[in-house]
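Trainee: Here you go, this is entry17.cif (mmCIF, C-alpha atoms and all ligand atoms).
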data_model
loop_
_atom_site.label_atom_id
_atom_site.label_comp_id
_atom_site.auth_asym_id
_atom_site.auth_seq_id
_atom_site.Cartn_x
_atom_site.Cartn_y
_atom_site.Cartn_z
CA MET Y 1 61.82 14.70 -60.01
CA PHE Y 2 58.62 16.28 -58.68
CA ASP Y 3 55.27 14.82 -59.76
CA GLY Y 4 56.83 13.29 -62.85
CA GLU Y 5 58.65 16.49 -63.93
CA LEU Y 6 62.43 16.65 -63.99
CA VAL Y 7 63.53 19.51 -61.75
CA GLU Y 8 66.91 20.76 -60.60
CA TYR Y 9 68.08 19.24 -57.30
CA ASP Y 10 67.74 22.55 -55.42
CA ALA Y 11 64.33 23.35 -56.91
CA ALA Y 12 62.56 20.40 -55.22
CA ARG Y 13 60.96 22.36 -52.35
CA LEU Y 14 58.23 21.75 -49.77
CA HIS Y 15 56.17 24.31 -47.84
CA VAL Y 16 57.07 24.57 -44.12
CA LEU Y 17 53.37 24.27 -43.21
CA SER Y 18 52.75 21.13 -45.27
CA PRO Y 19 51.31 18.15 -43.32
CA ALA Y 20 54.39 16.25 -44.53
CA LEU Y 21 56.53 18.48 -42.33
CA LYS Y 22 54.02 19.30 -39.58
CA TYR Y 23 52.90 15.73 -38.90
CA GLY Y 24 55.23 13.56 -40.97
CA ILE Y 25 52.40 12.55 -43.31
CA ALA Y 26 54.57 10.89 -45.92
CA VAL Y 27 55.49 7.39 -47.02
CA PHE Y 28 58.57 6.43 -48.97
CA GLU Y 29 60.82 3.80 -50.46
CA GLY Y 30 64.60 3.64 -50.59
CA PHE Y 31 66.39 1.29 -52.95
CA CYS Y 32 69.54 0.91 -55.02
CA GLY Y 33 70.72 0.65 -58.57
CA TYR Y 34 73.95 -1.21 -59.33
CA TRP Y 35 76.32 -0.30 -62.15
CA ASN Y 36 77.78 -3.25 -64.03
CA PRO Y 37 80.82 -2.00 -65.98
CA GLY Y 38 81.11 -5.25 -67.97
CA HIS Y 39 77.52 -4.95 -69.21
CA GLY Y 40 77.68 -1.15 -69.52
CA GLU Y 41 74.36 -1.27 -67.68
CA LEU Y 42 72.81 0.02 -64.48
CA TYR Y 43 70.29 -2.31 -62.86
CA THR Y 44 67.67 -1.24 -60.33
CA PHE Y 45 67.15 -3.97 -57.76
CA ARG Y 46 63.65 -5.36 -57.05
CA ILE Y 47 62.09 -2.06 -58.05
CA GLN Y 48 58.64 -3.58 -58.62
CA ASP Y 49 58.74 -5.11 -55.12
CA HIS Y 50 59.61 -1.71 -53.67
CA LEU Y 51 56.70 -0.18 -55.57
CA ARG Y 52 54.37 -2.90 -54.26
CA ARG Y 53 55.49 -2.08 -50.73
CA LEU Y 54 54.89 1.60 -51.47
CA ARG Y 55 51.32 0.73 -52.48
CA ALA Y 56 50.84 -1.15 -49.21
CA SER Y 57 52.22 1.82 -47.22
CA LEU Y 58 49.93 4.24 -49.07
CA ASP Y 59 46.90 2.07 -48.29
CA LEU Y 60 47.84 1.74 -44.61
CA ALA Y 61 48.50 5.48 -44.35
CA ALA Y 62 45.22 6.30 -46.17
CA LEU Y 63 47.04 8.37 -48.78
CA ASP Y 64 45.82 8.69 -52.36
CA LEU Y 65 48.02 8.15 -55.35
CA ALA Y 66 46.21 8.06 -58.63
CA GLY Y 67 47.18 5.35 -61.07
CA ASP Y 68 49.27 2.27 -60.93
CA VAL Y 69 52.40 2.53 -58.74
CA SER Y 70 54.24 0.10 -61.03
CA SER Y 71 54.38 2.86 -63.67
CA LEU Y 72 56.71 4.84 -61.35
CA GLN Y 73 59.49 2.50 -62.53
CA GLY Y 74 59.54 4.49 -65.77
CA ASP Y 75 59.98 7.76 -63.86
CA VAL Y 76 62.79 6.32 -61.72
CA HIS Y 77 64.65 4.99 -64.75
CA ARG Y 78 64.10 8.25 -66.67
CA LEU Y 79 65.61 10.19 -63.77
CA ILE Y 80 68.68 7.95 -63.60
CA ALA Y 81 69.15 8.18 -67.36
CA ALA Y 82 68.67 11.97 -67.35
CA ASN Y 83 71.57 12.20 -64.89
CA GLY Y 84 73.62 9.72 -66.91
CA PHE Y 85 74.71 7.79 -63.81
CA ARG Y 86 77.31 5.11 -64.43
CA GLN Y 87 77.92 4.14 -60.80
CA ASP Y 88 75.93 2.62 -57.96
CA VAL Y 89 73.03 4.86 -57.00
CA HIS Y 90 70.48 5.17 -54.24
CA MET Y 91 66.90 6.26 -54.92
CA ARG Y 92 64.42 7.78 -52.55
CA LEU Y 93 60.81 7.92 -53.65
CA GLN Y 94 58.40 9.85 -51.41
CA VAL Y 95 54.64 10.44 -51.49
CA PHE Y 96 53.38 13.15 -49.15
CA LEU Y 97 50.79 15.78 -48.31
CA ALA Y 98 52.28 19.04 -49.53
CA SER Y 99 49.48 21.64 -49.38
CA ASP Y 100 50.18 24.49 -46.92
CA ASN Y 101 46.58 24.39 -45.63
CA GLY Y 102 46.37 20.61 -45.54
CA GLN Y 103 44.96 18.77 -42.52
CA PRO Y 104 46.46 15.63 -40.98
CA GLU Y 105 43.30 13.65 -41.86
CA ASP Y 106 43.53 14.54 -45.56
CA THR Y 107 44.16 11.65 -47.88
CA GLY Y 108 45.23 13.87 -50.77
CA PRO Y 109 46.14 15.46 -53.01
CA THR Y 110 49.57 13.92 -52.66
CA CYS Y 111 52.83 14.91 -54.30
CA THR Y 112 55.55 12.52 -55.41
CA SER Y 113 59.26 13.17 -55.38
CA ILE Y 114 62.09 10.95 -56.57
CA ALA Y 115 65.73 11.67 -55.85
CA VAL Y 116 68.71 9.68 -57.07
CA VAL Y 117 72.20 10.14 -55.63
CA PRO Y 118 75.47 8.21 -55.89
CA VAL Y 119 75.79 5.52 -53.23
CA SER Y 120 78.00 6.40 -50.30
CA PRO Y 121 79.08 3.92 -47.60
CA TYR Y 122 76.21 3.37 -45.17
CA PHE Y 123 78.25 2.24 -42.19
CA GLY Y 124 81.81 3.33 -41.56
CA ARG Y 125 83.07 -0.19 -40.81
CA ALA Y 126 82.95 -3.76 -42.14
CA ALA Y 127 81.64 -5.38 -38.93
CA LEU Y 128 79.39 -3.48 -36.53
CA ASN Y 129 79.28 -3.29 -32.76
CA LEU Y 130 75.58 -3.19 -31.94
CA GLY Y 131 73.95 -2.19 -28.69
CA VAL Y 132 70.45 -3.25 -27.70
CA SER Y 133 68.44 -0.09 -27.15
CA THR Y 134 66.38 0.83 -24.13
CA TRP Y 135 63.87 2.28 -26.62
CA ALA Y 136 61.27 -0.32 -27.61
CA ARG Y 137 60.46 -0.70 -31.31
CA ILE Y 138 57.15 0.87 -32.34
CA GLY Y 139 54.34 -1.64 -32.70
CA ASP Y 140 51.34 -2.51 -34.82
CA ARG Y 141 48.96 -0.99 -32.25
CA SER Y 142 50.57 2.44 -32.44
CA MET Y 143 52.81 3.11 -35.46
CA PRO Y 144 52.68 0.07 -37.77
CA PRO Y 145 56.32 -0.70 -38.64
CA ARG Y 146 55.35 -2.42 -41.90
CA MET Y 147 54.07 0.95 -43.12
CA LYS Y 148 57.19 2.71 -44.37
CA SER Y 149 56.24 6.15 -43.14
CA ILE Y 150 58.70 8.91 -42.43
CA ALA Y 151 57.28 9.52 -38.94
CA ASN Y 152 58.24 5.95 -37.93
CA TYR Y 153 61.91 6.84 -38.19
CA HIS Y 154 61.97 8.97 -35.08
CA ASN Y 155 61.92 5.75 -33.08
CA GLY Y 156 65.09 4.42 -34.72
CA ARG Y 157 66.69 7.86 -34.53
CA LEU Y 158 66.37 7.93 -30.74
CA ALA Y 159 67.84 4.44 -30.58
CA SER Y 160 70.75 5.48 -32.84
CA ILE Y 161 71.56 8.50 -30.71
CA GLU Y 162 71.53 6.35 -27.59
CA ALA Y 163 73.74 3.68 -29.23
CA GLN Y 164 76.32 6.25 -30.31
CA ARG Y 165 76.37 7.90 -26.88
CA HIS Y 166 77.13 4.49 -25.40
CA GLY Y 167 79.97 3.88 -27.87
CA TYR Y 168 78.19 1.44 -30.22
CA ASP Y 169 78.07 1.78 -34.00
CA ALA Y 170 74.34 1.23 -34.26
CA PRO Y 171 71.30 0.02 -32.29
CA LEU Y 172 69.11 -3.04 -32.25
CA MET Y 173 65.62 -2.61 -30.85
CA LEU Y 174 63.42 -5.05 -28.99
CA THR Y 175 59.64 -5.32 -29.31
CA ALA Y 176 57.42 -4.11 -26.48
CA GLN Y 177 57.45 -7.78 -25.33
CA GLY Y 178 61.26 -7.79 -25.16
CA ARG Y 179 62.03 -9.92 -28.21
CA VAL Y 180 64.48 -8.96 -30.95
CA SER Y 181 62.95 -6.72 -33.61
CA GLU Y 182 65.25 -4.72 -35.92
CA GLY Y 183 67.52 -1.68 -36.13
CA PHE Y 184 67.38 1.77 -37.64
CA GLY Y 185 67.05 0.89 -41.33
CA TYR Y 186 67.96 -2.80 -41.23
CA ASN Y 187 66.65 -6.24 -40.38
CA VAL Y 188 68.73 -8.71 -38.43
CA PHE Y 189 69.73 -12.37 -38.93
CA LEU Y 190 71.67 -14.78 -36.77
CA VAL Y 191 73.27 -18.12 -37.49
CA ARG Y 192 73.11 -20.92 -34.93
CA ASP Y 193 74.37 -24.41 -35.76
CA GLY Y 194 74.28 -23.64 -39.47
CA MET Y 195 70.66 -22.51 -39.39
CA LEU Y 196 69.64 -19.00 -40.35
CA ILE Y 197 67.19 -17.32 -37.99
CA THR Y 198 65.40 -13.98 -38.28
CA PRO Y 199 62.53 -12.35 -36.34
CA SER Y 200 59.20 -13.06 -38.02
CA VAL Y 201 57.13 -10.32 -39.68
CA THR Y 202 54.95 -10.03 -36.56
CA GLU Y 203 57.94 -8.88 -34.48
CA SER Y 204 57.46 -5.14 -35.20
CA ILE Y 205 59.69 -5.07 -38.25
CA LEU Y 206 59.58 -3.42 -41.61
CA GLU Y 207 59.17 -6.31 -44.02
CA GLY Y 208 62.52 -5.77 -45.64
CA ILE Y 209 63.08 -6.64 -49.27
CA THR Y 210 66.73 -7.45 -48.58
CA ARG Y 211 65.53 -9.72 -45.75
CA ASP Y 212 63.30 -11.50 -48.25
CA SER Y 213 66.19 -11.75 -50.75
CA VAL Y 214 68.43 -13.27 -48.07
CA ILE Y 215 65.78 -15.83 -47.11
CA ARG Y 216 65.24 -16.87 -50.72
CA LEU Y 217 68.94 -17.00 -51.59
CA ALA Y 218 69.75 -18.99 -48.45
CA ARG Y 219 67.03 -21.55 -49.17
CA ALA Y 220 67.28 -21.82 -52.95
CA GLN Y 221 70.99 -21.31 -53.59
CA LEU Y 222 72.62 -22.50 -50.38
CA GLY Y 223 70.10 -25.14 -49.35
CA ARG Y 224 69.93 -23.69 -45.84
CA THR Y 225 67.07 -23.90 -43.41
CA VAL Y 226 65.71 -20.47 -42.52
CA GLU Y 227 63.54 -19.96 -39.46
CA GLU Y 228 61.34 -16.89 -39.15
CA ARG Y 229 60.35 -16.86 -35.50
CA PRO Y 230 60.50 -14.86 -32.26
CA VAL Y 231 64.13 -14.34 -31.23
CA ASP Y 232 65.41 -13.79 -27.68
CA ARG Y 233 68.04 -11.14 -27.03
CA THR Y 234 70.42 -13.68 -25.51
CA GLU Y 235 70.28 -15.83 -28.65
CA LEU Y 236 72.28 -13.03 -30.26
CA TYR Y 237 74.92 -13.36 -27.54
CA SER Y 238 75.56 -17.01 -28.32
CA ALA Y 239 75.11 -16.87 -32.11
CA ASP Y 240 77.87 -18.10 -34.42
CA GLU Y 241 77.24 -15.23 -36.83
CA VAL Y 242 75.02 -12.14 -36.81
CA PHE Y 243 74.42 -9.75 -39.70
CA VAL Y 244 72.08 -6.92 -40.59
CA CYS Y 245 70.62 -6.17 -44.00
CA GLY Y 246 68.82 -3.46 -45.89
CA SER Y 247 68.76 -1.88 -49.34
CA GLY Y 248 71.18 0.89 -48.39
CA GLU Y 249 73.76 -1.17 -46.53
CA GLY Y 250 73.37 -4.54 -48.26
CA ILE Y 251 74.50 -7.35 -45.95
CA THR Y 252 76.77 -6.14 -43.13
CA ALA Y 253 78.42 -8.36 -40.53
CA VAL Y 254 77.96 -7.75 -36.82
CA ALA Y 255 81.10 -8.01 -34.68
CA SER Y 256 79.40 -7.85 -31.30
CA VAL Y 257 76.06 -7.31 -29.57
CA ASP Y 258 76.17 -5.54 -26.19
CA GLY Y 259 79.88 -6.38 -26.07
CA HIS Y 260 79.33 -10.13 -26.64
CA ARG Y 261 81.51 -11.10 -29.59
CA CYS Y 262 79.75 -12.79 -32.52
CA GLY Y 263 81.90 -15.66 -33.82
CA ASP Y 264 85.43 -14.32 -34.30
CA GLY Y 265 84.21 -10.75 -34.61
CA GLN Y 266 84.46 -10.73 -38.42
CA ALA Y 267 82.04 -11.65 -41.18
CA GLY Y 268 81.33 -15.40 -40.82
CA GLU Y 269 81.32 -17.91 -43.68
CA LEU Y 270 77.56 -17.86 -44.30
CA THR Y 271 77.43 -14.06 -44.05
CA ARG Y 272 80.15 -13.80 -46.70
CA GLN Y 273 78.49 -16.33 -49.00
CA LEU Y 274 75.16 -14.54 -48.79
CA ARG Y 275 76.76 -11.13 -49.29
CA ASP Y 276 78.63 -12.31 -52.41
CA GLN Y 277 75.56 -13.93 -53.89
CA TYR Y 278 73.35 -10.98 -53.12
CA LEU Y 279 75.75 -8.55 -54.78
CA ALA Y 280 76.24 -10.83 -57.80
CA VAL Y 281 72.48 -10.93 -58.38
CA ALA Y 282 71.95 -7.22 -57.67
CA ARG Y 283 74.73 -6.25 -60.07
CA GLY Y 284 73.26 -8.41 -62.81
CA GLU Y 285 76.22 -10.83 -62.72
CA ALA Y 286 74.05 -13.78 -61.81
CA LEU Y 287 70.50 -13.84 -63.07
CA SER Y 288 68.17 -15.15 -60.43
CA SER Y 289 65.06 -17.07 -61.34
CA TRP Y 290 63.11 -14.26 -59.70
CA GLN Y 291 63.90 -11.56 -62.28
CA TRP Y 292 65.02 -9.11 -59.63
CA VAL Y 293 67.00 -6.66 -61.74
CA SER Y 294 65.68 -4.12 -64.23
CA PRO Y 295 68.08 -2.55 -66.71
CA VAL Y 296 67.92 1.23 -67.03
CA TYR Y 297 69.71 1.84 -70.34
CA ARG Y 298 68.86 -1.17 -72.48
CA PRO Y 299 65.55 -2.48 -71.15
CA ALA Y 300 64.43 -4.53 -74.15
CA VAL Y 301 67.64 -6.53 -74.59
CA ALA Y 302 68.79 -6.99 -71.04
CA SER Y 303 65.46 -7.83 -69.43
CA ARG Y 304 64.86 -10.85 -71.67
CA PRO Y 305 64.56 -13.80 -69.27
CA PRO Y 306 67.01 -16.70 -69.59
CA ARG Y 307 65.66 -19.66 -71.58
CA PRO Y 308 64.32 -22.27 -69.12
CA GLY Y 309 66.42 -25.37 -68.67
CA ARG Y 310 69.58 -23.86 -70.12
CA VAL Y 311 72.58 -23.36 -67.92
CA ASN Y 312 74.21 -20.14 -68.92
CA ARG Y 313 77.84 -20.16 -67.80
CA ARG Y 314 77.91 -16.39 -67.55
CA THR Y 315 74.95 -16.32 -65.20
CA ARG Y 316 75.81 -19.10 -62.77
CA TRP Y 317 76.71 -18.26 -59.19
CA ARG Y 318 80.24 -17.17 -58.53
CA THR Y 319 81.78 -18.19 -55.25
CA SER Y 320 83.92 -15.83 -53.25
CA ARG Y 321 86.99 -17.89 -54.17
CA GLU Y 322 86.32 -17.39 -57.89
CA ARG Y 323 85.92 -13.69 -57.34
CA ALA Y 324 89.20 -13.34 -55.44
N1 LIG Y 401 63.85 -1.93 -41.31
C1 LIG Y 401 63.73 -0.60 -41.41
C2 LIG Y 401 63.15 0.16 -40.27
C3 LIG Y 401 64.15 0.07 -42.57
O1 LIG Y 401 64.04 1.39 -42.68
C4 LIG Y 401 64.72 -0.68 -43.62
C5 LIG Y 401 65.23 0.02 -44.84
N2 LIG Y 401 64.23 0.30 -45.75
C6 LIG Y 401 64.80 -2.07 -43.47
C7 LIG Y 401 64.36 -2.67 -42.30
C8 LIG Y 401 65.33 -2.92 -44.59
O2 LIG Y 401 64.39 -2.91 -45.64
P1 LIG Y 401 64.84 -3.12 -47.14
O3 LIG Y 401 65.66 -4.35 -47.17
O4 LIG Y 401 63.57 -3.25 -47.88
O5 LIG Y 401 65.63 -1.92 -47.52
#
What would the structure in this file look like if it were written as structure tokens?
Ligand code: PMP
Mentor:
Amino acid sequence: MFDGELVEYDAARLHVLSPALKYGIAVFEGFCGYWNPGHGELYTFRIQDHLRRLRASLDLAALDLAGDVSSLQGDVHRLIAANGFRQDVHMRLQVFLASDNGQPEDTGPTCTSIAVVPVSPYFGRAALNLGVSTWARIGDRSMPPRMKSIANYHNGRLASIEAQRHGYDAPLMLTAQGRVSEGFGYNVFLVRDGMLITPSVTESILEGITRDSVIRLARAQLGRTVEERPVDRTELYSADEVFVCGSGEGITAVASVDGHRCGDGQAGELTRQLRDQYLAVARGEALSSWQWVSPVYRPAVASRPPRPGRVNRRTRWRTSRERA
């Protein structure tokens, strides 16, 4: 979809001299929709939160987008429905400077593109071997990481290349001050003595929506304490569990960091509980009190909130044992 018009996949083109290509003047969002065969419904996950983050990125990047970003939900859902997807999908929504004689200082006019594709596995394995990168994570004084701009991704790309050359699956980056930040497309959590810990939002991270979901689920559903604070690299070495999270990859266990094994090298108990709960909510199996899912095909019926105070057996949490 280009500026609200449905176009064929191959017809969505950009000029080679656009500021989007010349200088990376573009912001974007990536998020998922989950097909629920039992409901015959596809749910987009936290789409309004992604659109709010898009608004924040546009403002930080000084890019114009006329109108209310929340109305882009209609375009996203129309695109999914036009393709008739009945499987998990990934969306990428971009806003960029497209004019061939545009200048890097321009704030507009901007173009908007939305692409939806079937989800494919993000990582090739169930538990990742991570390597801490020699590349520092970009910082708020240079390339603000909380602005989801395409240019920011060169930093993580360099770290990924380095990690793969050194035999790791993926990288973790440290801040310029040497504390744990995040990876290429994911935030990181560790578990120590039953407590969940994650670098705070001032540690050069993208403020991940999956990160926020994990924090809320852990506190509200599992009664866990979650600390958002500076994290030392060596805390990862002695953690009981480590996992990474993001819209594309969900919650993925970490087997080792710099060769130090995390727990028994498989997904730990808390990682598994969080992953099951996250997927149950995202797939519309368990309604959360936060109204995180938006139905694509039957919006009026399926988006009706549960009546307060009533326990609906179909919407309660399912444990991993029940699922097995
Ligand atoms: N950090 C970076 C750098 C990312 O690109 C992403 C993916 N958008 C994340 C963290 C995770 O964010 P979210 O959970 O919102 O997908």
Trainee: What do you get as a PyMOL selection string if you pick all residues at most 7 Å from ligand LIG 401 (chain Y), counting all atoms listed in the file?
Mentor: chain Y and resi 29-31+182-187+205-211+245-248
Trainee: If you take only C-alpha atoms and a cut-off of 9 Å, which residues of stretch 4-84 of chain Y touch stretch 269-288 of chain Y, and what are their nearest atom pairs and distances in Å to one decimal, in chain and number order, as CSV?
Mentor:
residue,atom,partner,partner_atom,distance
Y:Cys32,CA,Y:Ala282,CA,8.9
Y:Gly33,CA,Y:Ala282,CA,8.0
Y:Tyr34,CA,Y:Arg283,CA,5.2
Y:Trp35,CA,Y:Arg283,CA,6.5
Y:Asn36,CA,Y:Arg283,CA,5.8
Y:His39,CA,Y:Gly284,CA,8.4
Y:Glu41,CA,Y:Gly284,CA,8.7
Y:Leu42,CA,Y:Arg283,CA,7.9
Y:Tyr43,CA,Y:Arg283,CA,6.6
Y:Thr44,CA,Y:Ala282,CA,7.8
Y:Phe45,CA,Y:Ala282,CA,5.8
Y:Arg46,CA,Y:Ala282,CA,8.5
Trainee: Export, as a short mmCIF file (atom, residue, chain, number, x, y, z; two decimals), keeping the file's coordinate frame, the selected residues with C-alpha atoms.
Mentor:
data_model
loop_
_atom_site.label_atom_id
_atom_site.label_comp_id
_atom_site.auth_asym_id
_atom_site.auth_seq_id
_atom_site.Cartn_x
_atom_site.Cartn_y
_atom_site.Cartn_z
CA CYS Y 32 69.54 0.91 -55.02
CA GLY Y 33 70.72 0.65 -58.57
CA TYR Y 34 73.95 -1.21 -59.33
CA TRP Y 35 76.32 -0.30 -62.15
CA ASN Y 36 77.78 -3.25 -64.03
CA HIS Y 39 77.52 -4.95 -69.21
CA GLU Y 41 74.36 -1.27 -67.68
CA LEU Y 42 72.81 0.02 -64.48
CA TYR Y 43 70.29 -2.31 -62.86
CA THR Y 44 67.67 -1.24 -60.33
CA PHE Y 45 67.15 -3.97 -57.76
CA ARG Y 46 63.65 -5.36 -57.05
#
Trainee: In Å, with one decimal, what is the gap from atom CA of Y:Leu130 to atom CA of Y:Asp258?
Mentor: 6.2 Å
Trainee: Which residue is closest to Y:Ala255? Choose from Y:Arg125, Y:Arg179, Y:His166, Y:Arg53 and count all atoms listed in the file.
Mentor: Y:Arg125
Trainee: Using all atoms listed in the file, can you tell me which of Y:Glu8, Y:Asp169, Y:Asp49, Y:Asp240 comes closest to Y:Ala127?
Mentor: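 Smallest distance to Y:Ala127 is found for Y:Asp169.
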Trainee: What lies within 12 Å of Y:Met173 using all atoms listed in the file, ignoring chain neighbours under 6 positions off, as a VMD selection string?
Mentor: chain Y and resid 130 to 139 155 to 160 162 to 163 179 to 188 199 203 to 205 231 to 233 257 to 258
Trainee: Please compute the atom CA of Y:Asn101-atom CA of Y:Asp64 distance, one decimal, in Å.
Mentor: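 Separation of atom CA of Y:Asn101 and atom CA of Y:Asp64: 17.1 Å.
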Trainee: Suppose you want the space between atom CA of Y:Arg13 and atom CA of Y:Ile114; what is it in Å?
Mentor: 12.2 Å
Trainee: If you count all atoms listed in the file, which residues fall within 10 Å of Y:Gln94, apart from same-chain ones fewer than 2 positions away, as JSON, numbers by chain?
Mentor: {"Y": [2, 26, 27, 28, 29, 30, 54, 91, 92, 96, 110, 111, 112, 113, 114, 115, 149, 150]}
Trainee: So which one's closest to Y:Ile80, Y:Pro104, Y:Pro118, Y:Gly67, Y:Gly268? Using all atoms listed in the file, please.
Mentor: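 Using all atoms listed in the file, the shortest distance to Y:Ile80 belongs to Y:Pro118.
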Trainee: Using all atoms listed in the file, which of the listed residues (Y:Asp212, Y:Glu105, Y:Glu235, Y:Glu228) sits closest to Y:Ile25?
Mentor: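 Residue with the minimum atom-to-atom distance to Y:Ile25: Y:Glu105.
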Trainee: Find, counting only C-alpha atoms, the residue in Y:Leu58, Y:Met1, Y:Ala66, Y:Leu97 that gets nearest to Y:Lys148.
Mentor: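 Closest to Y:Lys148, using only C-alpha atoms: Y:Leu58.
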Trainee: Restricting the calculation to all atoms listed in the file, which member of Y:Ala62, Y:Ala170, Y:Ala81, Y:Ala151 is positioned closest to Y:Gly24?
Mentor: Y:Ala151
Trainee: What's the 9 Å shell around Y:Gly265, counting only C-alpha atoms, without same-chain residues fewer than 6 positions away, as a list of chain:residue names?
Mentor: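 Contacts, in chain order: Y:Ala127, Y:Leu128, Y:Glu241, Y:Ala253, Y:Val254, Y:Ala255, Y:Ser256.
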Trainee: Keeping only C-alpha atoms, write the selected residues as a PDB file, in the frame of the given file.
Mentor:
ATOM      1  CA  ALA Y 127      81.640  -5.380 -38.930  1.00  0.00           C
ATOM      2  CA  LEU Y 128      79.390  -3.480 -36.530  1.00  0.00           C
ATOM      3  CA  GLU Y 241      77.240 -15.230 -36.830  1.00  0.00           C
ATOM      4  CA  ALA Y 253      78.420  -8.360 -40.530  1.00  0.00           C
ATOM      5  CA  VAL Y 254      77.960  -7.750 -36.820  1.00  0.00           C
ATOM      6  CA  ALA Y 255      81.100  -8.010 -34.680  1.00  0.00           C
ATOM      7  CA  SER Y 256      79.400  -7.850 -31.300  1.00  0.00           C
TER       8      SER Y 256
END
